[in-house]
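A.B. asks: I am sharing model.cif, which consists of mmCIF, C-alpha atoms:
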data_work
loop_
_atom_site.group_PDB
_atom_site.id
_atom_site.type_symbol
_atom_site.label_atom_id
_atom_site.label_comp_id
_atom_site.auth_asym_id
_atom_site.auth_seq_id
_atom_site.Cartn_x
_atom_site.Cartn_y
_atom_site.Cartn_z
ATOM 1 C CA ILE R 17 16.091 -43.947 11.792
ATOM 2 C CA ALA R 18 18.861 -42.400 9.746
ATOM 3 C CA ARG R 19 22.378 -43.297 8.645
ATOM 4 C CA ASP R 20 25.341 -40.996 8.042
ATOM 5 C CA VAL R 21 25.990 -41.805 4.391
ATOM 6 C CA ASP R 22 29.295 -40.012 3.890
ATOM 7 C CA GLY R 23 30.874 -39.575 7.310
ATOM 8 C CA SER R 24 30.293 -35.820 7.327
ATOM 9 C CA GLY R 25 26.850 -35.671 8.948
ATOM 10 C CA ASN R 26 24.577 -36.100 5.935
ATOM 11 C CA TYR R 27 21.967 -38.480 7.316
ATOM 12 C CA PHE R 28 19.786 -40.487 4.960
ATOM 13 C CA MET R 29 16.402 -41.019 6.589
ATOM 14 C CA LEU R 30 15.229 -44.514 5.801
ATOM 15 C CA LEU R 31 11.493 -43.932 6.025
ATOM 16 C CA ASN R 32 11.076 -40.914 3.749
ATOM 17 C CA LYS R 33 14.362 -41.166 1.786
ATOM 18 C CA HIS R 34 15.497 -37.586 2.462
ATOM 19 C CA VAL R 35 18.905 -36.337 3.557
ATOM 20 C CA ALA R 36 19.263 -34.055 6.577
ATOM 21 C CA GLN R 37 21.834 -32.885 9.090
ATOM 22 C CA VAL R 38 21.718 -32.940 12.886
ATOM 23 C CA HIS R 39 20.443 -29.574 14.125
ATOM 24 C CA ARG R 40 23.324 -27.294 15.109
ATOM 25 C CA LEU R 41 21.856 -26.670 18.583
ATOM 26 C CA SER R 42 21.436 -30.347 19.420
ATOM 27 C CA GLY R 43 23.986 -32.130 21.586
ATOM 28 C CA TYR R 44 25.651 -33.759 18.597
ATOM 29 C CA GLY R 45 25.386 -30.702 16.390
ATOM 30 C CA ALA R 46 27.149 -28.384 18.806
ATOM 31 C CA LYS R 47 29.834 -30.895 19.809
ATOM 32 C CA ALA R 48 30.254 -32.807 16.561
ATOM 33 C CA HIS R 49 33.837 -31.661 16.112
ATOM 34 C CA LYS R 50 34.707 -33.147 19.544
ATOM 35 C CA LEU R 51 32.405 -36.160 19.708
ATOM 36 C CA GLY R 52 32.323 -37.268 16.130
ATOM 37 C CA LEU R 53 28.962 -38.093 14.626
ATOM 38 C CA PRO R 54 27.356 -41.508 15.061
ATOM 39 C CA GLU R 55 26.806 -43.662 11.992
ATOM 40 C CA TRP R 56 23.221 -44.649 12.919
ATOM 41 C CA VAL R 57 20.727 -42.469 14.793
ATOM 42 C CA LEU R 58 17.150 -42.637 15.936
ATOM 43 C CA PHE R 59 15.530 -39.197 15.754
ATOM 44 C CA HIS R 60 12.288 -37.734 16.983
ATOM 45 C CA GLU R 61 11.841 -34.632 14.861
ATOM 46 C CA TYR R 62 12.532 -33.739 11.246
ATOM 47 C CA ASN R 63 12.169 -30.119 10.183
ATOM 48 C CA VAL R 64 12.229 -29.182 6.496
ATOM 49 C CA SER R 65 11.875 -25.450 7.099
ATOM 50 C CA ASP R 66 14.857 -25.339 9.479
ATOM 51 C CA ASN R 67 17.566 -26.240 6.921
ATOM 52 C CA ASN R 68 16.578 -29.909 6.651
ATOM 53 C CA CYS R 69 17.486 -30.827 10.216
ATOM 54 C CA ILE R 70 16.828 -33.741 12.525
ATOM 55 C CA ARG R 71 16.497 -33.154 16.271
ATOM 56 C CA THR R 72 16.314 -35.169 19.469
ATOM 57 C CA VAL R 73 18.885 -37.599 18.147
ATOM 58 C CA THR R 74 20.084 -40.771 19.870
ATOM 59 C CA GLN R 75 22.917 -42.943 18.666
ATOM 60 C CA ILE R 76 21.982 -46.554 17.961
ATOM 61 C CA SER R 77 24.122 -49.524 17.026
ATOM 62 C CA PRO R 78 23.715 -51.540 13.819
ATOM 63 C CA GLN R 79 22.412 -54.391 16.004
ATOM 64 C CA THR R 80 19.710 -52.119 17.441
ATOM 65 C CA PHE R 81 18.796 -51.030 13.930
ATOM 66 C CA ASN R 82 18.407 -54.670 12.892
ATOM 67 C CA SER R 83 16.171 -55.328 15.916
ATOM 68 C CA ILE R 84 13.996 -52.311 15.125
ATOM 69 C CA ASN R 85 13.927 -53.209 11.442
ATOM 70 C CA MET R 86 12.442 -56.599 12.301
ATOM 71 C CA ILE R 87 9.401 -55.003 13.971
ATOM 72 C CA MET R 88 8.840 -51.978 11.719
ATOM 73 C CA PRO R 89 5.994 -52.337 9.233
ATOM 74 C CA ARG R 90 6.996 -52.542 5.591
ATOM 75 C CA HIS R 91 5.466 -50.098 3.130
ATOM 76 C CA PRO R 92 5.257 -51.042 -0.543
ATOM 77 C CA GLU R 93 7.165 -48.650 -2.769
#
Take the structure I supplied and represent it as structure tokens, if you would.
C.D. replies:
Amino acid sequence: IARDVDGSGNYFMLLNKHVAQVHRLSGYGAKAHKLGLPEWVLFHEYNVSDNNCIRTVTQISPQTFNSINMIMPRHPE
């Protein structure tokens, strides 16, 4: 799960605390100027070697995030 922290497509990934962008060839990446980017996304793939990109991205609502957050295991920091 990741959140667009500044409205310009810089997504903060909650689990590993890295920032990445949606891959330019993904549906959102290619059409971001027309669609606008979602605030919250669920992603399947994170690639460090490909310019810090997330792929297979699905928009989720804050309510969905809260539901998922309730069932995700907590890791001590």
A.B. asks: Which value, in Å to one decimal, gives the distance between atom CA of Val64 of chain R and atom CA of Gln79 of chain R?
C.D. replies: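 Taking atom CA of Val64 of chain R as the start and atom CA of Gln79 of chain R as the end point, the length is 28.8 Å.
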A.B. asks: I'd like the interatomic distance between atom CA of Trp56 of chain R and atom CA of Ile17 of chain R, to a tenth of an Å.
C.D. replies: 7.3 Å
A.B. asks: Using only C-alpha atoms, which of the listed residues (R:Thr72, R:Ser65, R:Asn26, R:Asn82) sits closest to Leu53 of chain R?
C.D. replies: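 Nearest candidate to Leu53 of chain R out of R:Thr72, R:Ser65, R:Asn26, R:Asn82: R:Asn26.
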A.B. asks: Expand the PyMOL selection byres ((chain R and resi 38) around 12) into the explicit residue set it covers here, and present it as a ChimeraX atom specification.
C.D. replies: /R:18-20,24-29,35-37,39-48,52-63,66-75
